[in-house]
Amino acid sequence: MKTEFKTLYKLSIVLMMCGLMLFLYTGCGGYDTEEAENGYDAQGASFGLTPPNGAAYNDVFFKDYGTNPFIDTEDDHLSTFGMDVDTASYSVTRRYLRDGYLPPPEAVRVEEFVNAFDYNYPSPSAEAFAVHIEGAPSRFGEGKRLQLLRIGIQGRVVPNENRKDAMLTFVIDVSGSMAMENRLGLVKRALTLLVEQLRPGDKVAIVVYGSRARIVLPHTGIEGREEILAAIHSLVPEGVTNAEEGLRLGYSLASRNARVSGINRIILCSDGVANVGETGADGILRVIRSYVEEGITLTTLGFGMGNFNDVLMEQLANNGDGSYAYIDTLNEAKRVFVENLTGTLQLIAKDAKVQVDFNPQVVSRFRLLGYENRRLDHEDFRDDKADGGEIGSGHSVTALYEIKLHEGATGQLATVFIRHEDPDTRRISEINEEISTTQLNKTFEEASPEFQLAATVAEFAEILRESFWAQEGSLEAVSRSIEGITPLIHNEQVNELRHLVSRATRFKTSDIE
């Protein structure tokens, strides 16, 4: 009997220890440092087993959309694309570099790097958009006589007090993979920040999905803030990942409670991995497309790395009339939900498109940096059924072109056209701005610090994604450019960029050795 008792006692101790380890691993024990909440250990590495074959993480999914070529204006003088304000690629890369790895080339989207930074464009006074043009010889195209043209598009700012009331539906992935790196813990902290910014008139509902989807909280007014926060903090990981059922239920709930004159938005929090029901973006979108046509918009927020599907999260946002951000730290959540809440929630333009018409008499060839997965057929620009991009209050979009001028050519080099639908009146508007060679600075150093920053960020992205057009580029040159900009722009983002370039340089040198 004593022997059996001792055996049971030892077994109970083992089970208790296992339970404690599981408790800490899933985040229920409450790490008291920001690194732990954000999914990092004391050394900055992510939790989990070592992936095979030297990979940084297990089961990550990115897509290579190719690299835009130079186009001869005698063959085609138009460039057409849908606007994009996503910034996820930059945050994903930051996560890789902080963990001690270079990102996969296909994870890097140049436009999302460029659009992650603020260039202080003045806002329009009346129209939805103001266009800001600047150009200079390219610092990173030496010997090719290239000019870099920056087209900055600044959206109208809706004052926070004028924001429409919001009907928000949180659709939260609580499957087993959300226990990794305490992903669900960071989701809870991010959504807590959002709820704390909401005001009377706003409502929140919570739908979760693991193996099955269910409603945790029906739409509840923000006067019930404590009830909303309690529901968020009660969530625990469970089951497999039925994203289709979760989105179907979330959209159905949002549709039943939609406000005609308000903001109706789904906020999806997930690592993007779906393994039950429809698992691809196209299949899931077929389910929800009718809701999108009703005006219910979608924000996708990616969490975690390893068992992460960037492709699904980006495509859902692109086709769900919304935007995609990757939340790697609590500071990134603050940027999305605190510093830019109205921009995250309220649209000022739908199906926004850009078309640049280059003058073949002045420009011999051009190349758009990035926007490969936003390319449109030229005839789609004025086809109002063709999908463009959705732009929120105060958002800006920056497009960079490398251009080569005919020797000695001067005058009008291009005209930029912007077309969009007003989300309230459904009226279509189009504006245009002529671009002249007089708007090109004589040297790169004469250009504004913000122009130099955009050019440097783009080159950083081009090198990381191993672009054919950056084969002769170097991270050392990028670093020198940032060192010159830092004293001119007092911005934490620039300091962070400097550190990230330094890490990337070190890792790339190590790879070569």
# chains A, B, ... in the order shown; residues from 1 in each chain; ligands from 1

call {"tool": "residues_around", "arguments": {"residues": "A:Glu106", "least_positions_apart": "6", "cutoff": "7 Å", "atoms": "only C-alpha atoms", "output": "list in words"}}
result
Phe62, Lys63, Asp64 and Arg465 of chain A

call {"tool": "select_by_dssp", "arguments": {"residues": "stretch 121-347 of chain A", "states": "alpha helix (DSSP H)", "output": "PyMOL selection string"}}
result
chain A and resi 183-197+225-233+243-256+281-293+310-319+330-334+341-345

call {"tool": "write_last_selection", "arguments": {"atoms": "C-alpha atoms", "output": "short mmCIF file (atom, residue, chain, number, x, y, z; two decimals), in the first residue's frame"}}
result
data_model
loop_
_atom_site.label_atom_id
_atom_site.label_comp_id
_atom_site.auth_asym_id
_atom_site.auth_seq_id
_atom_site.Cartn_x
_atom_site.Cartn_y
_atom_site.Cartn_z
CA ARG A 183 0.17 34.99 -29.46
CA LEU A 184 -3.24 35.10 -27.86
CA GLY A 185 -1.75 37.11 -24.99
CA LEU A 186 -0.58 39.79 -27.44
CA VAL A 187 -3.99 39.74 -29.15
CA LYS A 188 -5.63 40.44 -25.79
CA ARG A 189 -3.30 43.34 -25.06
CA ALA A 190 -3.75 44.81 -28.55
CA LEU A 191 -7.54 44.64 -28.43
CA THR A 192 -7.52 46.10 -24.91
CA LEU A 193 -5.72 49.14 -26.35
CA LEU A 194 -8.41 49.43 -29.04
CA VAL A 195 -11.32 49.11 -26.62
CA GLU A 196 -9.81 51.78 -24.38
CA GLN A 197 -9.83 54.23 -27.32
CA ARG A 225 -16.37 48.36 -21.42
CA GLU A 226 -15.65 46.12 -18.42
CA GLU A 227 -17.83 43.35 -19.85
CA ILE A 228 -16.05 43.65 -23.21
CA LEU A 229 -12.61 43.50 -21.61
CA ALA A 230 -13.61 40.56 -19.40
CA ALA A 231 -14.74 38.64 -22.49
CA ILE A 232 -11.43 39.37 -24.25
CA HIS A 233 -9.32 38.30 -21.29
CA ALA A 243 -11.17 30.31 -40.20
CA GLU A 244 -13.97 29.99 -42.75
CA GLU A 245 -16.59 29.29 -40.09
CA GLY A 246 -15.24 32.07 -37.88
CA LEU A 247 -15.42 34.67 -40.64
CA ARG A 248 -18.80 33.42 -41.83
CA LEU A 249 -20.24 33.81 -38.33
CA GLY A 250 -18.50 37.15 -37.79
CA TYR A 251 -19.80 38.63 -41.04
CA SER A 252 -23.29 37.30 -40.41
CA LEU A 253 -23.33 38.94 -36.98
CA ALA A 254 -21.93 42.20 -38.39
CA SER A 255 -24.53 42.21 -41.17
CA ARG A 256 -27.45 41.72 -38.76
CA ALA A 281 -8.30 33.10 -49.55
CA ASP A 282 -10.37 32.48 -52.70
CA GLY A 283 -12.58 29.87 -51.05
CA ILE A 284 -13.13 31.97 -47.93
CA LEU A 285 -13.81 35.09 -49.99
CA ARG A 286 -16.55 33.33 -51.95
CA VAL A 287 -18.32 32.87 -48.64
CA ILE A 288 -18.06 36.51 -47.53
CA ARG A 289 -18.14 38.44 -50.84
CA SER A 290 -21.80 39.44 -50.53
CA TYR A 291 -21.08 40.95 -47.11
CA VAL A 292 -18.20 42.96 -48.58
CA GLU A 293 -20.65 44.38 -51.15
CA ASP A 310 1.07 35.93 -44.70
CA VAL A 311 -0.55 35.14 -48.07
CA LEU A 312 -3.98 34.44 -46.61
CA MET A 313 -3.96 37.50 -44.33
CA GLU A 314 -2.91 39.87 -47.12
CA GLN A 315 -5.33 38.52 -49.72
CA LEU A 316 -8.26 38.58 -47.30
CA ALA A 317 -7.56 42.26 -46.57
CA ASN A 318 -7.05 43.14 -50.23
CA ASN A 319 -10.34 41.57 -51.25
CA LEU A 330 2.75 46.13 -28.40
CA ASN A 331 4.18 49.35 -29.88
CA GLU A 332 2.92 48.30 -33.30
CA ALA A 333 -0.51 47.71 -31.78
CA LYS A 334 -0.36 51.23 -30.33
CA LEU A 341 -7.45 54.75 -34.75
CA THR A 342 -9.61 56.92 -37.04
CA GLY A 343 -7.42 56.05 -40.03
CA THR A 344 -7.74 52.36 -39.18
CA LEU A 345 -11.53 52.49 -38.90
#

call {"tool": "residues_around", "arguments": {"residues": "A:Thr67", "least_positions_apart": "6", "cutoff": "12 Å", "atoms": "only C-alpha atoms", "output": "JSON, numbers by chain"}}
result
{"A": [105, 106, 108, 109, 110, 111, 367, 368, 369, 370, 371, 372, 373, 375, 461, 462, 465, 466, 467, 468, 469, 470]}

call {"tool": "write_last_selection", "arguments": {"atoms": "N, CA and C atoms", "output": "mmCIF file, in the first residue's frame"}}
result
data_model
loop_
_atom_site.group_PDB
_atom_site.id
_atom_site.type_symbol
_atom_site.label_atom_id
_atom_site.label_comp_id
_atom_site.auth_asym_id
_atom_site.auth_seq_id
_atom_site.Cartn_x
_atom_site.Cartn_y
_atom_site.Cartn_z
ATOM 1 N N PRO A 105 13.282 36.459 -49.139
ATOM 2 C CA PRO A 105 13.080 37.528 -50.126
ATOM 3 C C PRO A 105 11.610 37.746 -50.465
ATOM 4 N N GLU A 106 10.825 36.669 -50.522
ATOM 5 C CA GLU A 106 9.418 36.796 -50.911
ATOM 6 C C GLU A 106 8.563 37.446 -49.821
ATOM 7 N N VAL A 108 9.326 40.291 -48.529
ATOM 8 C CA VAL A 108 9.584 41.729 -48.613
ATOM 9 C C VAL A 108 8.790 42.345 -49.763
ATOM 10 N N ARG A 109 7.913 43.294 -49.424
ATOM 11 C CA ARG A 109 7.158 44.060 -50.424
ATOM 12 C C ARG A 109 7.578 45.524 -50.278
ATOM 13 N N VAL A 110 8.194 46.048 -51.321
ATOM 14 C CA VAL A 110 8.837 47.372 -51.242
ATOM 15 C C VAL A 110 7.856 48.450 -50.812
ATOM 16 N N GLU A 111 6.650 48.458 -51.409
ATOM 17 C CA GLU A 111 5.700 49.527 -51.107
ATOM 18 C C GLU A 111 5.282 49.512 -49.640
ATOM 19 N N ARG A 367 10.522 52.591 -64.132
ATOM 20 C CA ARG A 367 10.249 51.379 -63.351
ATOM 21 C C ARG A 367 9.595 51.782 -62.045
ATOM 22 N N LEU A 368 8.456 51.177 -61.731
ATOM 23 C CA LEU A 368 7.769 51.383 -60.457
ATOM 24 C C LEU A 368 8.371 50.450 -59.420
ATOM 25 N N LEU A 369 8.761 51.003 -58.269
ATOM 26 C CA LEU A 369 9.331 50.192 -57.196
ATOM 27 C C LEU A 369 8.198 49.661 -56.313
ATOM 28 N N GLY A 370 7.973 48.359 -56.387
ATOM 29 C CA GLY A 370 6.926 47.732 -55.600
ATOM 30 C C GLY A 370 5.578 47.755 -56.300
ATOM 31 N N TYR A 371 4.537 47.442 -55.544
ATOM 32 C CA TYR A 371 3.148 47.384 -56.028
ATOM 33 C C TYR A 371 2.942 46.267 -57.063
ATOM 34 N N GLU A 372 3.809 45.254 -57.048
ATOM 35 C CA GLU A 372 3.667 44.172 -58.039
ATOM 36 C C GLU A 372 2.319 43.464 -57.913
ATOM 37 N N ASN A 373 1.807 43.301 -56.706
ATOM 38 C CA ASN A 373 0.525 42.604 -56.543
ATOM 39 C C ASN A 373 -0.651 43.574 -56.539
ATOM 40 N N ARG A 375 -0.865 45.699 -59.403
ATOM 41 C CA ARG A 375 -0.921 46.130 -60.805
ATOM 42 C C ARG A 375 -2.313 45.981 -61.375
ATOM 43 N N ALA A 461 14.714 47.633 -48.896
ATOM 44 C CA ALA A 461 13.782 46.562 -49.268
ATOM 45 C C ALA A 461 14.240 45.848 -50.536
ATOM 46 N N GLU A 462 14.709 46.605 -51.519
ATOM 47 C CA GLU A 462 15.159 46.005 -52.787
ATOM 48 C C GLU A 462 16.314 45.026 -52.545
ATOM 49 N N ARG A 465 15.018 41.826 -50.716
ATOM 50 C CA ARG A 465 14.248 40.898 -51.552
ATOM 51 C C ARG A 465 15.054 40.396 -52.752
ATOM 52 N N GLU A 466 16.356 40.780 -52.770
ATOM 53 C CA GLU A 466 17.281 40.307 -53.802
ATOM 54 C C GLU A 466 16.802 40.682 -55.199
ATOM 55 N N SER A 467 16.370 41.934 -55.337
ATOM 56 C CA SER A 467 15.914 42.453 -56.622
ATOM 57 C C SER A 467 17.053 42.455 -57.637
ATOM 58 N N PHE A 468 16.723 42.093 -58.852
ATOM 59 C CA PHE A 468 17.703 42.140 -59.948
ATOM 60 C C PHE A 468 18.296 43.534 -60.077
ATOM 61 N N TRP A 469 17.467 44.556 -59.799
ATOM 62 C CA TRP A 469 17.886 45.938 -60.013
ATOM 63 C C TRP A 469 18.707 46.479 -58.845
ATOM 64 N N ALA A 470 18.930 45.671 -57.830
ATOM 65 C CA ALA A 470 19.745 46.101 -56.690
ATOM 66 C C ALA A 470 20.962 45.203 -56.516
#

call {"tool": "closest_atom_pairs", "arguments": {"of": "stretch 439-466 of chain A", "to": "stretch 146-166 of chain A", "cutoff": "8 Å", "atoms": "only C-alpha atoms", "output": "CSV"}}
result
residue,atom,partner,partner_atom,distance
A:Leu440,CA,A:Leu149,CA,7.8
A:Phe451,CA,A:Arg150,CA,7.3
A:Ala455,CA,A:Leu148,CA,7.8

call {"tool": "residues_around", "arguments": {"residues": "A:Gln412", "least_positions_apart": "6", "cutoff": "8 Å", "atoms": "only C-alpha atoms", "output": "list in words"}}
result
Asn359, Val362, Glu434, Ile435, Ser436 and Thr437 of chain A

call {"tool": "closest_residue", "arguments": {"among": "A:Phe303, A:Tyr401, A:Phe366, A:Phe113", "to": "A:Ala458", "atoms": "only C-alpha atoms"}}
result
A:Phe113

call {"tool": "select_by_dssp", "arguments": {"residues": "stretch 210-296 of chain A", "states": "strand (DSSP E or B)", "output": "ChimeraX atom specification"}}
result
/A:213-221,263-270

call {"tool": "atom_distance", "arguments": {"atom1": "atom CA of A:Arg214", "atom2": "atom CA of A:Val260"}}
result
25.3 Å

call {"tool": "residues_around", "arguments": {"residues": "stretch 487-499 of chain A", "least_positions_apart": "4", "cutoff": "10 Å", "atoms": "only C-alpha atoms", "output": "list in words"}}
result
Arg94, Leu97, Arg98, Ala116, Phe117, Asp118, Tyr119, Ser448, Pro449, Glu450, Leu453, Val457, Phe460, Val478, Ser479, Arg480, Ser481, Ile482, Glu483, Arg503, Ala504 and Thr505 of chain A

call {"tool": "atom_distance", "arguments": {"atom1": "atom CA of A:Lys203", "atom2": "atom CA of A:Leu347"}}
result
17.9 Å

call {"tool": "decode", "arguments": {"residues": "stretch 68-114 of chain A", "atoms": "N, CA and C atoms", "output": "mmCIF file, in the first residue's frame"}}
result
data_model
loop_
_atom_site.group_PDB
_atom_site.id
_atom_site.type_symbol
_atom_site.label_atom_id
_atom_site.label_comp_id
_atom_site.auth_asym_id
_atom_site.auth_seq_id
_atom_site.Cartn_x
_atom_site.Cartn_y
_atom_site.Cartn_z
ATOM 1 N N ASN A 68 9.007 44.416 -60.696
ATOM 2 C CA ASN A 68 8.672 45.224 -61.863
ATOM 3 C C ASN A 68 9.904 45.480 -62.727
ATOM 4 N N PRO A 69 9.774 45.367 -64.057
ATOM 5 C CA PRO A 69 10.893 45.641 -64.967
ATOM 6 C C PRO A 69 10.916 47.122 -65.362
ATOM 7 N N PHE A 70 11.981 47.535 -66.032
ATOM 8 C CA PHE A 70 11.972 48.829 -66.702
ATOM 9 C C PHE A 70 11.115 48.713 -67.958
ATOM 10 N N ILE A 71 10.353 49.750 -68.222
ATOM 11 C CA ILE A 71 9.468 49.760 -69.390
ATOM 12 C C ILE A 71 9.857 50.919 -70.292
ATOM 13 N N ASP A 72 10.044 50.633 -71.561
ATOM 14 C CA ASP A 72 10.362 51.656 -72.559
ATOM 15 C C ASP A 72 9.086 52.416 -72.892
ATOM 16 N N THR A 73 9.122 53.736 -72.801
ATOM 17 C CA THR A 73 7.905 54.523 -73.032
ATOM 18 C C THR A 73 7.418 54.449 -74.471
ATOM 19 N N GLU A 74 8.269 54.047 -75.401
ATOM 20 C CA GLU A 74 7.803 53.840 -76.780
ATOM 21 C C GLU A 74 6.884 52.630 -76.858
ATOM 22 N N ASP A 75 7.059 51.693 -75.938
ATOM 23 C CA ASP A 75 6.216 50.497 -75.915
ATOM 24 C C ASP A 75 4.967 50.714 -75.055
ATOM 25 N N ASP A 76 5.130 51.419 -73.943
ATOM 26 C CA ASP A 76 4.000 51.644 -73.034
ATOM 27 C C ASP A 76 4.359 52.834 -72.143
ATOM 28 N N HIS A 77 3.567 53.894 -72.221
ATOM 29 C CA HIS A 77 3.882 55.095 -71.440
ATOM 30 C C HIS A 77 3.000 55.234 -70.195
ATOM 31 N N LEU A 78 2.182 54.189 -69.895
ATOM 32 C CA LEU A 78 1.281 54.238 -68.741
ATOM 33 C C LEU A 78 1.720 53.267 -67.645
ATOM 34 N N SER A 79 1.486 53.672 -66.405
ATOM 35 C CA SER A 79 1.692 52.807 -65.240
ATOM 36 C C SER A 79 0.441 52.912 -64.378
ATOM 37 N N THR A 80 -0.196 51.773 -64.081
ATOM 38 C CA THR A 80 -1.491 51.779 -63.393
ATOM 39 C C THR A 80 -1.479 50.780 -62.237
ATOM 40 N N PHE A 81 -1.915 51.237 -61.067
ATOM 41 C CA PHE A 81 -1.958 50.332 -59.914
ATOM 42 C C PHE A 81 -2.995 50.817 -58.903
ATOM 43 N N GLY A 82 -3.443 49.886 -58.046
ATOM 44 C CA GLY A 82 -4.350 50.211 -56.955
ATOM 45 C C GLY A 82 -3.559 50.696 -55.754
ATOM 46 N N MET A 83 -4.081 51.699 -55.072
ATOM 47 C CA MET A 83 -3.388 52.214 -53.881
ATOM 48 C C MET A 83 -3.301 51.120 -52.820
ATOM 49 N N ASP A 84 -2.282 51.253 -51.959
ATOM 50 C CA ASP A 84 -2.051 50.258 -50.911
ATOM 51 C C ASP A 84 -1.482 50.958 -49.694
ATOM 52 N N VAL A 85 -2.092 50.758 -48.528
ATOM 53 C CA VAL A 85 -1.570 51.346 -47.296
ATOM 54 C C VAL A 85 -1.119 50.269 -46.305
ATOM 55 N N ASP A 86 -1.042 49.015 -46.739
ATOM 56 C CA ASP A 86 -0.572 47.955 -45.858
ATOM 57 C C ASP A 86 0.879 48.207 -45.453
ATOM 58 N N THR A 87 1.233 47.782 -44.268
ATOM 59 C CA THR A 87 2.605 47.927 -43.773
ATOM 60 C C THR A 87 3.146 46.621 -43.194
ATOM 61 N N ALA A 88 2.408 45.533 -43.363
ATOM 62 C CA ALA A 88 2.744 44.272 -42.680
ATOM 63 C C ALA A 88 4.139 43.770 -43.035
ATOM 64 N N SER A 89 4.550 43.916 -44.286
ATOM 65 C CA SER A 89 5.835 43.369 -44.709
ATOM 66 C C SER A 89 6.995 43.964 -43.917
ATOM 67 N N TYR A 90 6.916 45.259 -43.625
ATOM 68 C CA TYR A 90 7.976 45.896 -42.841
ATOM 69 C C TYR A 90 8.009 45.331 -41.423
ATOM 70 N N SER A 91 6.846 45.152 -40.818
ATOM 71 C CA SER A 91 6.789 44.618 -39.446
ATOM 72 C C SER A 91 7.257 43.169 -39.400
ATOM 73 N N VAL A 92 6.895 42.386 -40.430
ATOM 74 C CA VAL A 92 7.352 40.994 -40.508
ATOM 75 C C VAL A 92 8.881 40.956 -40.587
ATOM 76 N N THR A 93 9.452 41.821 -41.416
ATOM 77 C CA THR A 93 10.912 41.874 -41.552
ATOM 78 C C THR A 93 11.562 42.290 -40.239
ATOM 79 N N ARG A 94 10.962 43.252 -39.549
ATOM 80 C CA ARG A 94 11.476 43.663 -38.249
ATOM 81 C C ARG A 94 11.504 42.478 -37.296
ATOM 82 N N ARG A 95 10.458 41.651 -37.330
ATOM 83 C CA ARG A 95 10.405 40.468 -36.473
ATOM 84 C C ARG A 95 11.560 39.521 -36.802
ATOM 85 N N TYR A 96 11.781 39.250 -38.083
ATOM 86 C CA TYR A 96 12.881 38.369 -38.485
ATOM 87 C C TYR A 96 14.222 38.905 -37.979
ATOM 88 N N LEU A 97 14.475 40.179 -38.241
ATOM 89 C CA LEU A 97 15.779 40.744 -37.892
ATOM 90 C C LEU A 97 15.988 40.774 -36.388
ATOM 91 N N ARG A 98 14.949 41.058 -35.631
ATOM 92 C CA ARG A 98 15.081 41.071 -34.180
ATOM 93 C C ARG A 98 15.327 39.666 -33.625
ATOM 94 N N ASP A 99 14.819 38.672 -34.333
ATOM 95 C CA ASP A 99 15.027 37.287 -33.907
ATOM 96 C C ASP A 99 16.370 36.732 -34.377
ATOM 97 N N GLY A 100 17.098 37.514 -35.186
ATOM 98 C CA GLY A 100 18.425 37.085 -35.603
ATOM 99 C C GLY A 100 18.489 36.465 -36.983
ATOM 100 N N TYR A 101 17.501 36.754 -37.858
ATOM 101 C CA TYR A 101 17.453 36.159 -39.186
ATOM 102 C C TYR A 101 17.208 37.218 -40.256
ATOM 103 N N LEU A 102 17.682 36.943 -41.460
ATOM 104 C CA LEU A 102 17.258 37.711 -42.626
ATOM 105 C C LEU A 102 15.892 37.198 -43.071
ATOM 106 N N PRO A 103 15.017 38.066 -43.542
ATOM 107 C CA PRO A 103 13.706 37.588 -43.998
ATOM 108 C C PRO A 103 13.828 36.854 -45.325
ATOM 109 N N PRO A 104 12.908 35.932 -45.628
ATOM 110 C CA PRO A 104 12.887 35.351 -46.972
ATOM 111 C C PRO A 104 12.638 36.473 -47.984
ATOM 112 N N PRO A 105 13.282 36.459 -49.139
ATOM 113 C CA PRO A 105 13.080 37.528 -50.126
ATOM 114 C C PRO A 105 11.610 37.746 -50.465
ATOM 115 N N GLU A 106 10.825 36.669 -50.522
ATOM 116 C CA GLU A 106 9.418 36.796 -50.911
ATOM 117 C C GLU A 106 8.563 37.446 -49.821
ATOM 118 N N ALA A 107 9.110 37.613 -48.620
ATOM 119 C CA ALA A 107 8.364 38.282 -47.544
ATOM 120 C C ALA A 107 8.435 39.799 -47.669
ATOM 121 N N VAL A 108 9.326 40.291 -48.529
ATOM 122 C CA VAL A 108 9.584 41.729 -48.613
ATOM 123 C C VAL A 108 8.790 42.345 -49.763
ATOM 124 N N ARG A 109 7.913 43.294 -49.424
ATOM 125 C CA ARG A 109 7.158 44.060 -50.424
ATOM 126 C C ARG A 109 7.578 45.524 -50.278
ATOM 127 N N VAL A 110 8.194 46.048 -51.321
ATOM 128 C CA VAL A 110 8.837 47.372 -51.242
ATOM 129 C C VAL A 110 7.856 48.450 -50.812
ATOM 130 N N GLU A 111 6.650 48.458 -51.409
ATOM 131 C CA GLU A 111 5.700 49.527 -51.107
ATOM 132 C C GLU A 111 5.282 49.512 -49.640
ATOM 133 N N GLU A 112 5.276 48.335 -49.002
ATOM 134 C CA GLU A 112 4.877 48.259 -47.602
ATOM 135 C C GLU A 112 5.992 48.750 -46.678
ATOM 136 N N PHE A 113 7.229 48.639 -47.119
ATOM 137 C CA PHE A 113 8.334 49.266 -46.398
ATOM 138 C C PHE A 113 8.207 50.784 -46.497
ATOM 139 N N VAL A 114 8.059 51.274 -47.717
ATOM 140 C CA VAL A 114 8.007 52.724 -47.949
ATOM 141 C C VAL A 114 6.818 53.344 -47.218
#
